[in-house]
$ cat model.csv   # CSV, C-alpha atoms and all ligand atoms
chain,number,residue,atom,x,y,z
A,153,MET,CA,-9.2,-12.6,9.1
A,154,PHE,CA,-6.9,-15.1,7.5
A,155,GLY,CA,-9.1,-18.2,7.2
A,156,GLU,CA,-7.0,-21.2,6.1
A,157,ALA,CA,-3.8,-19.0,6.2
A,158,ALA,CA,-4.1,-18.5,10.0
A,159,GLU,CA,-1.1,-20.7,10.7
A,160,LEU,CA,1.0,-18.9,8.0
A,161,ALA,CA,0.0,-15.6,9.6
A,162,GLN,CA,1.3,-16.9,12.9
A,163,ARG,CA,4.5,-18.0,11.3
A,164,TYR,CA,4.9,-14.6,9.8
A,165,ALA,CA,4.4,-13.0,13.2
A,166,ASP,CA,7.0,-15.4,14.6
A,167,LEU,CA,9.5,-14.4,11.9
A,168,LEU,CA,8.9,-10.7,12.5
A,169,ALA,CA,9.3,-11.2,16.3
A,170,THR,CA,12.6,-13.1,15.9
A,171,ASP,CA,14.6,-12.5,12.7
A,172,GLY,CA,12.7,-9.3,12.0
A,173,VAL,CA,13.9,-7.8,15.3
A,174,THR,CA,17.5,-9.2,15.3
A,175,ARG,CA,18.0,-7.9,11.7
A,176,GLY,CA,16.7,-4.5,12.6
A,177,LEU,CA,13.5,-4.6,10.4
A,178,ILE,CA,11.1,-4.1,13.2
A,179,GLY,CA,11.6,-2.4,16.6
A,180,PRO,CA,11.6,-4.6,19.7
A,181,ARG,CA,8.9,-2.4,21.2
A,182,GLU,CA,6.6,-3.4,18.3
A,183,VAL,CA,6.7,-7.1,19.3
A,184,PRO,CA,3.9,-7.0,21.9
A,185,ARG,CA,1.6,-5.2,19.4
A,186,LEU,CA,2.6,-7.0,16.2
A,187,TRP,CA,-0.9,-8.3,15.6
A,188,GLU,CA,-3.0,-5.3,16.3
A,189,ARG,CA,-0.8,-2.5,15.0
A,190,HIS,CA,0.8,-4.3,12.1
A,191,ILE,CA,-0.5,-7.7,10.9
A,192,LEU,CA,-4.3,-7.4,11.5
A,193,ASN,CA,-4.2,-3.7,10.7
A,194,CYS,CA,-2.6,-4.2,7.3
A,195,ALA,CA,-4.9,-7.2,6.6
A,196,GLY,CA,-7.8,-4.7,6.9
A,197,LEU,CA,-6.9,-3.8,3.3
A,198,ARG,CA,-8.5,-7.0,2.2
A,199,GLU,CA,-11.9,-5.3,2.2
A,200,VAL,CA,-10.9,-2.7,-0.5
A,201,VAL,CA,-8.9,-4.7,-3.1
A,202,PRO,CA,-11.0,-5.9,-6.0
A,203,GLU,CA,-11.3,-9.6,-6.7
A,204,GLY,CA,-8.3,-11.1,-8.6
A,205,ALA,CA,-6.4,-7.8,-8.8
A,206,SER,CA,-2.7,-7.5,-9.3
A,207,VAL,CA,-1.1,-5.6,-6.4
A,208,LEU,CA,2.2,-3.8,-6.1
A,209,ASP,CA,3.2,-3.0,-2.5
A,210,ILE,CA,5.7,-0.1,-2.6
A,211,GLY,CA,8.3,0.1,0.2
A,212,SER,CA,7.2,-3.2,1.7
A,213,GLY,CA,9.9,-3.1,4.4
A,214,ALA,CA,9.3,-6.2,6.5
A,215,GLY,CA,6.3,-7.1,4.4
A,216,LEU,CA,3.7,-4.6,5.5
A,217,PRO,CA,1.0,-4.5,4.2
A,218,GLY,CA,1.9,-6.9,1.4
A,219,ILE,CA,2.4,-10.1,3.3
A,220,PRO,CA,-0.8,-9.9,5.4
A,221,LEU,CA,-2.8,-8.9,2.3
A,222,THR,CA,-1.4,-11.9,0.4
A,223,LEU,CA,-2.3,-14.2,3.3
A,224,ALA,CA,-5.8,-12.7,3.7
A,225,ARG,CA,-6.6,-12.7,0.0
A,226,PRO,CA,-5.5,-15.9,-1.8
A,227,ASP,CA,-7.0,-14.5,-5.1
A,228,LEU,CA,-4.4,-11.8,-5.5
A,229,MET,CA,-1.1,-11.7,-7.3
A,230,VAL,CA,1.2,-9.5,-5.2
A,231,THR,CA,4.6,-7.9,-5.9
A,232,LEU,CA,6.6,-6.6,-3.0
A,233,LEU,CA,8.9,-3.7,-4.0
A,234,GLU,CA,11.7,-2.8,-1.6
A,235,PRO,CA,15.0,-1.1,-2.4
A,236,LEU,CA,17.1,-1.9,0.7
A,237,GLU,CA,19.1,-5.1,0.4
A,238,ARG,CA,18.6,-6.6,3.9
A,239,ARG,CA,14.9,-5.9,3.7
A,240,TYR,CA,14.7,-7.4,0.2
A,241,HIS,CA,16.5,-10.6,1.5
A,242,PHE,CA,14.2,-10.9,4.5
A,243,LEU,CA,11.2,-10.6,2.2
A,244,ARG,CA,12.5,-13.3,0.0
A,245,GLU,CA,13.0,-15.6,3.0
A,246,VAL,CA,9.5,-14.9,4.2
A,247,VAL,CA,7.9,-15.6,0.8
A,248,SER,CA,9.9,-18.9,0.6
A,249,GLU,CA,9.2,-19.9,4.2
A,250,LEU,CA,5.5,-19.3,3.9
A,251,GLN,CA,5.5,-20.9,0.4
A,252,LEU,CA,3.8,-18.0,-1.2
A,253,GLY,CA,6.1,-17.9,-4.3
A,254,ASP,CA,3.3,-18.8,-6.8
A,255,ARG,CA,1.4,-15.6,-6.1
A,256,CYS,CA,3.9,-13.3,-4.3
A,257,ARG,CA,7.2,-12.1,-5.7
A,258,VAL,CA,9.8,-9.7,-4.3
A,259,VAL,CA,11.5,-7.1,-6.5
A,260,ARG,CA,14.4,-5.0,-5.3
A,261,GLY,CA,14.2,-1.4,-6.5
A,262,ARG,CA,12.9,2.1,-6.0
A,263,ALA,CA,9.4,3.0,-7.2
A,264,GLU,CA,10.7,5.8,-9.3
A,265,ASP,CA,13.2,3.5,-11.0
A,266,VAL,CA,10.8,0.7,-12.1
A,267,ARG,CA,8.5,2.7,-14.5
A,268,GLY,CA,7.9,0.7,-17.6
A,269,GLU,CA,9.0,-2.5,-15.8
A,270,LEU,CA,6.4,-3.0,-13.1
A,271,ALA,CA,2.7,-2.2,-13.2
A,272,ALA,CA,-0.3,-3.3,-11.2
A,273,GLN,CA,-4.0,-2.6,-10.9
A,274,VAL,CA,-3.7,-1.8,-7.2
A,275,LEU,CA,-0.7,0.0,-5.6
A,276,THR,CA,-0.5,-0.2,-1.8
A,277,ALA,CA,1.9,1.6,0.6
A,278,ARG,CA,2.2,2.2,4.3
A,279,ALA,CA,4.6,4.7,5.9
A,280,VAL,CA,6.6,5.2,2.8
A,281,ALA,CA,6.1,8.9,1.9
A,282,PRO,CA,3.5,11.8,2.2
A,283,LEU,CA,0.6,11.3,-0.2
A,284,GLU,CA,1.8,13.8,-2.8
A,285,LYS,CA,5.2,12.2,-3.2
A,286,LEU,CA,3.8,8.7,-2.9
A,287,ALA,CA,1.2,9.3,-5.6
A,288,GLY,CA,4.0,10.7,-7.9
A,289,TRP,CA,5.7,7.4,-7.6
A,290,ALA,CA,2.7,5.2,-7.6
A,291,LEU,CA,0.4,6.6,-10.3
A,292,PRO,CA,2.9,5.8,-13.2
A,293,LEU,CA,3.0,2.2,-11.9
A,294,THR,CA,-0.8,1.7,-12.0
A,295,THR,CA,-2.7,0.4,-15.0
A,296,THR,CA,-5.1,2.9,-16.5
A,297,SER,CA,-8.0,1.5,-14.4
A,298,GLY,CA,-5.8,1.3,-11.3
A,299,VAL,CA,-6.0,2.7,-7.8
A,300,VAL,CA,-3.6,3.7,-5.2
A,301,LEU,CA,-4.4,2.6,-1.6
A,302,ALA,CA,-2.3,4.5,0.8
A,303,ILE,CA,-2.6,3.5,4.4
A,304,LYS,CA,-2.8,6.8,6.4
A,305,GLY,CA,-3.8,7.6,9.9
A,306,ARG,CA,-5.4,10.8,11.2
A,307,SER,CA,-3.4,12.7,8.6
A,308,ALA,CA,-5.5,11.3,5.7
A,309,ASP,CA,-7.6,14.4,5.0
A,310,GLU,CA,-4.7,16.8,5.5
A,311,GLU,CA,-2.5,14.8,3.1
A,312,VAL,CA,-5.3,14.8,0.5
A,313,GLU,CA,-5.6,18.5,0.8
A,314,GLN,CA,-1.9,19.0,0.3
A,315,ALA,CA,-1.7,16.5,-2.6
A,316,TRP,CA,-4.9,17.4,-4.5
A,317,PRO,CA,-3.5,20.2,-6.8
A,318,ALA,CA,-0.7,17.8,-7.9
A,319,LEU,CA,-3.1,14.9,-8.3
A,320,GLN,CA,-5.2,17.0,-10.6
A,321,ARG,CA,-2.2,18.0,-12.7
A,322,TRP,CA,-1.4,14.3,-13.0
A,323,GLY,CA,-4.9,13.6,-14.3
A,324,VAL,CA,-6.6,12.1,-11.2
A,325,PRO,CA,-10.2,12.6,-12.1
A,326,ALA,CA,-11.8,12.7,-8.7
A,327,VAL,CA,-11.1,13.8,-5.1
A,328,PRO,CA,-9.6,10.8,-3.3
A,329,THR,CA,-11.9,9.0,-0.9
A,330,VAL,CA,-11.0,8.0,2.6
A,331,VAL,CA,-12.0,4.5,3.4
A,332,THR,CA,-12.3,3.0,6.9
A,333,CYS,CA,-11.8,-0.7,7.1
A,334,GLU,CA,-12.4,-3.1,10.0
A,335,THR,CA,-9.4,-4.9,11.4
A,336,GLY,CA,-11.1,-7.0,14.0
A,337,VAL,CA,-9.4,-5.0,16.7
A,338,PRO,CA,-11.6,-2.7,18.7
A,339,ASP,CA,-10.8,1.0,18.1
A,340,GLU,CA,-8.1,0.1,15.5
A,341,ASP,CA,-9.9,0.7,12.2
A,342,LEU,CA,-7.6,1.1,9.2
A,343,THR,CA,-7.8,4.4,7.4
A,344,VAL,CA,-6.9,4.2,3.7
A,345,VAL,CA,-6.7,7.0,1.1
A,346,ARG,CA,-8.0,5.7,-2.2
A,347,VAL,CA,-6.8,7.5,-5.3
A,348,GLU,CA,-8.1,6.6,-8.8
A,349,ARG,CA,-5.7,7.0,-11.6
A,350,GLY,CA,-8.3,7.6,-14.3
A,351,THR,CA,-12.0,7.3,-15.0
A,352,GLY,CA,-13.4,3.8,-14.9
A,353,ALA,CA,-11.2,2.7,-12.0
A,354,LEU,CA,-11.7,-0.7,-10.5
A,355,ARG,CA,-14.7,-0.8,-8.3
A,356,LEU,CA,-14.5,-1.8,-4.7
A,357,PRO,CA,-16.0,-5.1,-3.7
A,358,THR,CA,-19.5,-4.5,-2.4
A,359,ALA,CA,-18.4,-5.0,1.2
A,360,GLY,CA,-15.5,-2.7,0.8
A,361,GLY,CA,-15.2,-0.6,3.9
A,362,LYS,CA,-16.9,2.7,4.7
A,363,GLN,CA,-16.1,5.3,2.0
A,364,ARG,CA,-16.3,9.1,2.1
A,365,PRO,CA,-14.8,11.8,0.1
A,366,ALA,CA,-11.7,13.3,1.8
A,367,SER,CA,-13.2,16.3,3.7
A,368,SER,CA,-10.7,18.8,2.5
A,369,GLY,CA,-9.7,17.4,-0.8
A,370,GLY,CA,-12.1,19.5,-2.8
A,371,LYS,CA,-11.0,22.9,-1.4
A,372,LYS,CA,-8.3,23.5,-3.8
A,373,SER,CA,-10.0,21.9,-6.8
A,374,GLY,CA,-10.7,25.3,-8.4
A,375,ARG,CA,-10.2,24.0,-11.9
A,376,ARG,CA,-11.1,20.9,-13.9
A,377,ALA,CA,-8.8,18.0,-13.8
A,378,ALA,CA,-6.6,17.3,-16.8
A,379,GLU,CA,-7.8,14.4,-18.9
A,380,PRO,CA,-5.8,11.3,-18.2
A,381,GLY,CA,-3.2,10.8,-20.9
A,382,SER,CA,-3.9,14.3,-22.3
A,383,GLY,CA,-0.3,15.3,-21.7
A,384,ARG,CA,-1.3,17.9,-19.3
A,385,GLY,CA,0.0,17.1,-15.9
A,386,ARG,CA,1.0,13.4,-16.0
A,387,GLY,CA,3.4,14.0,-18.8
A,388,SER,CA,5.2,16.6,-16.8
A,389,GLY,CA,6.8,13.8,-14.9
A,390,ALA,CA,4.3,12.4,-12.4
A,391,GLY,CA,6.5,12.6,-9.5
A,392,ARG,CA,10.0,12.0,-11.0
A,393,GLY,CA,12.3,12.7,-8.1
A,394,ARG,CA,9.6,14.4,-6.2
B,401,LIG,C1,9.1,3.3,7.2
B,401,LIG,S1,9.4,2.0,6.2
B,401,LIG,C2,7.8,1.3,6.0
B,401,LIG,C3,7.8,-0.2,5.7
B,401,LIG,C4,6.5,-0.9,5.6
B,401,LIG,N1,5.7,-0.4,4.5
B,401,LIG,C5,5.8,-0.8,6.9
B,401,LIG,O1,4.7,-0.1,7.0
B,401,LIG,O2,6.2,-1.3,8.0
B,401,LIG,C6,9.6,2.7,4.5
B,401,LIG,C7,10.0,1.8,3.5
B,401,LIG,O3,9.9,2.4,2.2
B,401,LIG,C8,11.1,2.0,1.5
B,401,LIG,N2,11.3,3.1,0.5
B,401,LIG,C9,11.8,4.3,0.7
B,401,LIG,N3,11.9,5.0,-0.5
B,401,LIG,C10,11.4,4.2,-1.4
B,401,LIG,C11,11.2,4.3,-2.9
B,401,LIG,N4,11.6,5.4,-3.5
B,401,LIG,N5,10.7,3.3,-3.5
B,401,LIG,C12,10.3,2.1,-2.9
B,401,LIG,N6,10.5,2.0,-1.5
B,401,LIG,C13,11.0,3.0,-0.8
B,401,LIG,C14,12.2,1.9,2.5
B,401,LIG,O4,13.3,1.2,2.1
B,401,LIG,C15,11.4,1.3,3.7
B,401,LIG,O5,11.5,-0.1,3.6
$ encode --input "model.csv" --output "structure tokens" --more "lines below"
Ligand SMILES: C[S@@+](CC[C@H](N)C(=O)[O-])C[C@H]1O[C@@H](n2cnc3c(N)ncnc32)[C@H](O)[C@@H]1O
Amino acid sequence: MFGEAAELAQRYADLLATDGVTRGLIGPREVPRLWERHILNCAGLREVVPEGASVLDIGSGAGLPGIPLTLARPDLMVTLLEPLERRYHFLREVVSELQLGDRCRVVRGRAEDVRGELAAQVLTARAVAPLEKLAGWALPLTTTSGVVLAIKGRSADEEVEQAWPALQRWGVPAVPTVVTCETGVPDEDLTVVRVERGTGALRLPTAGGKQRPASSGGKKSGRRAAEPGSGRGRGSGAGRGR
């Protein structure tokens, strides 16, 4: 999973299990399952991020999924966005300790407050907000060919159904897909909702997980999506304060 970064991944696991717990960033009950539930699971994203992409991880918390993705994919430039001070400081220490500073930076802030300052081709998030709210924050931070990769569990299809009317208003041209990625852990595949901001979105790498349209996302798509940038939908404040 991590290739040459295996030792760094182990060091990250040690930091989570020690400082991460004492500083209240990760629950003590998570320690025995740090690898399968958190580190390897998040590293499953490596399959679905295009080569050389810029990545912005919203609400990175203790560095998930941003740090495992940075370790598993040395070709990426990753920004970790986190508003809470103690989490921000922990992230800075992790990046420094793992010597990732040349391709991973930490920014303190809320997604809805960094519009016009931060943008990336790929937006990632895990356990930050329901898809509709998250997309409202994330879509304005993606480049025009960008994609949002939201780690979701069994709720993926339901969240797409809820979010699809708003996604259309904001100019998302196609029903999001649900991608299943291998994590190397039996029965612990990673489920990712992939939302394209506009037409001509970055293509997945050829080995990029098993994709299918969200099963319920089309149900509410009674009308044609607004053209990206047409002023219909996105202009009405893609998620400001939503
Ligand atoms: C439940 S934690 C998940 C952390 C990490 N992504 C994970 O999976 O372990 C949610 C994180 O989102 C951050 N967050 C909440 N609202 C946010 C916002 N508007 N913009 C960016 N981050 C936000 C919180 O500070 C917190 O670190």
$ closest_residue --input "model.csv" --among "A:Gly196, A:Pro180, A:Gly288, A:Gly204" --to "ligand LIG 401 (chain B)" --atoms "only C-alpha atoms and all ligand atoms"
A:Gly288
$ residues_near_ligand --input "model.csv" --ligand "ligand LIG 401 (chain B)" --cutoff "10 Å" --atoms "all atoms listed in the file" --output "PDB file with C-alpha atoms, in the frame of the given file"
ATOM      1  CA  LEU A 177      13.500  -4.600  10.400  1.00  0.00           C
ATOM      2  CA  ILE A 178      11.100  -4.100  13.200  1.00  0.00           C
ATOM      3  CA  ARG A 189      -0.800  -2.500  15.000  1.00  0.00           C
ATOM      4  CA  HIS A 190       0.800  -4.300  12.100  1.00  0.00           C
ATOM      5  CA  ILE A 191      -0.500  -7.700  10.900  1.00  0.00           C
ATOM      6  CA  CYS A 194      -2.600  -4.200   7.300  1.00  0.00           C
ATOM      7  CA  ASP A 209       3.200  -3.000  -2.500  1.00  0.00           C
ATOM      8  CA  ILE A 210       5.700  -0.100  -2.600  1.00  0.00           C
ATOM      9  CA  GLY A 211       8.300   0.100   0.200  1.00  0.00           C
ATOM     10  CA  SER A 212       7.200  -3.200   1.700  1.00  0.00           C
ATOM     11  CA  GLY A 213       9.900  -3.100   4.400  1.00  0.00           C
ATOM     12  CA  ALA A 214       9.300  -6.200   6.500  1.00  0.00           C
ATOM     13  CA  GLY A 215       6.300  -7.100   4.400  1.00  0.00           C
ATOM     14  CA  LEU A 216       3.700  -4.600   5.500  1.00  0.00           C
ATOM     15  CA  PRO A 217       1.000  -4.500   4.200  1.00  0.00           C
ATOM     16  CA  GLY A 218       1.900  -6.900   1.400  1.00  0.00           C
ATOM     17  CA  LEU A 232       6.600  -6.600  -3.000  1.00  0.00           C
ATOM     18  CA  LEU A 233       8.900  -3.700  -4.000  1.00  0.00           C
ATOM     19  CA  GLU A 234      11.700  -2.800  -1.600  1.00  0.00           C
ATOM     20  CA  PRO A 235      15.000  -1.100  -2.400  1.00  0.00           C
ATOM     21  CA  LEU A 236      17.100  -1.900   0.700  1.00  0.00           C
ATOM     22  CA  GLU A 237      19.100  -5.100   0.400  1.00  0.00           C
ATOM     23  CA  ARG A 238      18.600  -6.600   3.900  1.00  0.00           C
ATOM     24  CA  ARG A 239      14.900  -5.900   3.700  1.00  0.00           C
ATOM     25  CA  TYR A 240      14.700  -7.400   0.200  1.00  0.00           C
ATOM     26  CA  VAL A 259      11.500  -7.100  -6.500  1.00  0.00           C
ATOM     27  CA  ARG A 260      14.400  -5.000  -5.300  1.00  0.00           C
ATOM     28  CA  GLY A 261      14.200  -1.400  -6.500  1.00  0.00           C
ATOM     29  CA  ARG A 262      12.900   2.100  -6.000  1.00  0.00           C
ATOM     30  CA  ALA A 263       9.400   3.000  -7.200  1.00  0.00           C
ATOM     31  CA  GLU A 264      10.700   5.800  -9.300  1.00  0.00           C
ATOM     32  CA  ASP A 265      13.200   3.500 -11.000  1.00  0.00           C
ATOM     33  CA  VAL A 266      10.800   0.700 -12.100  1.00  0.00           C
ATOM     34  CA  THR A 276      -0.500  -0.200  -1.800  1.00  0.00           C
ATOM     35  CA  ALA A 277       1.900   1.600   0.600  1.00  0.00           C
ATOM     36  CA  ARG A 278       2.200   2.200   4.300  1.00  0.00           C
ATOM     37  CA  ALA A 279       4.600   4.700   5.900  1.00  0.00           C
ATOM     38  CA  VAL A 280       6.600   5.200   2.800  1.00  0.00           C
ATOM     39  CA  ALA A 281       6.100   8.900   1.900  1.00  0.00           C
ATOM     40  CA  LYS A 285       5.200  12.200  -3.200  1.00  0.00           C
ATOM     41  CA  LEU A 286       3.800   8.700  -2.900  1.00  0.00           C
ATOM     42  CA  TRP A 289       5.700   7.400  -7.600  1.00  0.00           C
ATOM     43  CA  ALA A 290       2.700   5.200  -7.600  1.00  0.00           C
ATOM     44  CA  ILE A 303      -2.600   3.500   4.400  1.00  0.00           C
ATOM     45  CA  GLY A 393      12.300  12.700  -8.100  1.00  0.00           C
ATOM     46  CA  ARG A 394       9.600  14.400  -6.200  1.00  0.00           C
TER      47      ARG A 394
END
$ closest_residue --input "model.csv" --among "A:Glu348, A:Asp339, A:Asp171, A:Glu245" --to "Arg257 in chain A" --atoms "only C-alpha atoms"
A:Glu245
$ atom_distance --input "model.csv" --atom1 "CA of Pro282 in chain A" --atom2 "CA of Leu186 in chain A"
23.5 Å
$ closest_residue --input "model.csv" --among "A:Val344, A:Ala157, A:Gln363, A:Ala165" --to "Arg306 in chain A" --atoms "all atoms listed in the file"
A:Val344
$ residues_around --input "model.csv" --residues "Thr294 in chain A" --least-positions-apart "5" --cutoff "8 Å" --atoms "only C-alpha atoms" --output "MDAnalysis selection string"
chainID A and resid 271:275 299:300 349
$ atom_distance --input "model.csv" --atom1 "CA of Ala224 in chain A" --atom2 "CA of Val183 in chain A"
20.8 Å
$ closest_residue --input "model.csv" --among "A:Gln251, A:Ser206, A:Thr329, A:Thr174" --to "Leu223 in chain A" --atoms "all atoms listed in the file"
A:Gln251
$ closest_residue --input "model.csv" --among "A:Val331, A:Leu283, A:Cys256, A:Leu301" --to "Ala318 in chain A" --atoms "only C-alpha atoms"
A:Leu283
$ atom_distance --input "model.csv" --atom1 "CA of Glu269 in chain A" --atom2 "CA of Val230 in chain A"
14.9 Å
$ residues_around --input "model.csv" --residues "Gly361 in chain A" --least-positions-apart "3" --cutoff "7 Å" --atoms "all atoms listed in the file" --output "list in words"
Glu199, Val200, Val331, Thr332 and Cys333 of chain A
$ closest_residue --input "model.csv" --among "A:Val330, A:Val324, A:Ala158, A:Leu270" --to "Gly352 in chain A" --atoms "only C-alpha atoms"
A:Val324
$ decode --input "model.csv" --residues "range 261-275 of chain A" --atoms "C-alpha atoms" --output "JSON list (two decimals), in the first residue's frame"
[["chain", "number", "residue", "atom", "x", "y", "z"],
["A", 261, "GLY", "CA", -9.60, 27.52, 8.16],
["A", 262, "ARG", "CA", -13.15, 26.56, 7.32],
["A", 263, "ALA", "CA", -13.96, 25.40, 3.82],
["A", 264, "GLU", "CA", -16.60, 28.08, 3.38],
["A", 265, "ASP", "CA", -14.11, 30.80, 4.35],
["A", 266, "VAL", "CA", -11.27, 29.97, 1.96],
["A", 267, "ARG", "CA", -13.06, 30.51, -1.37],
["A", 268, "GLY", "CA", -10.85, 32.40, -3.75],
["A", 269, "GLU", "CA", -7.78, 31.51, -1.65],
["A", 270, "LEU", "CA", -7.57, 27.74, -2.03],
["A", 271, "ALA", "CA", -8.42, 25.53, -5.00],
["A", 272, "ALA", "CA", -7.47, 22.03, -6.04],
["A", 273, "GLN", "CA", -8.28, 19.51, -8.73],
["A", 274, "VAL", "CA", -9.38, 16.91, -6.20],
["A", 275, "LEU", "CA", -11.27, 17.61, -2.99]]
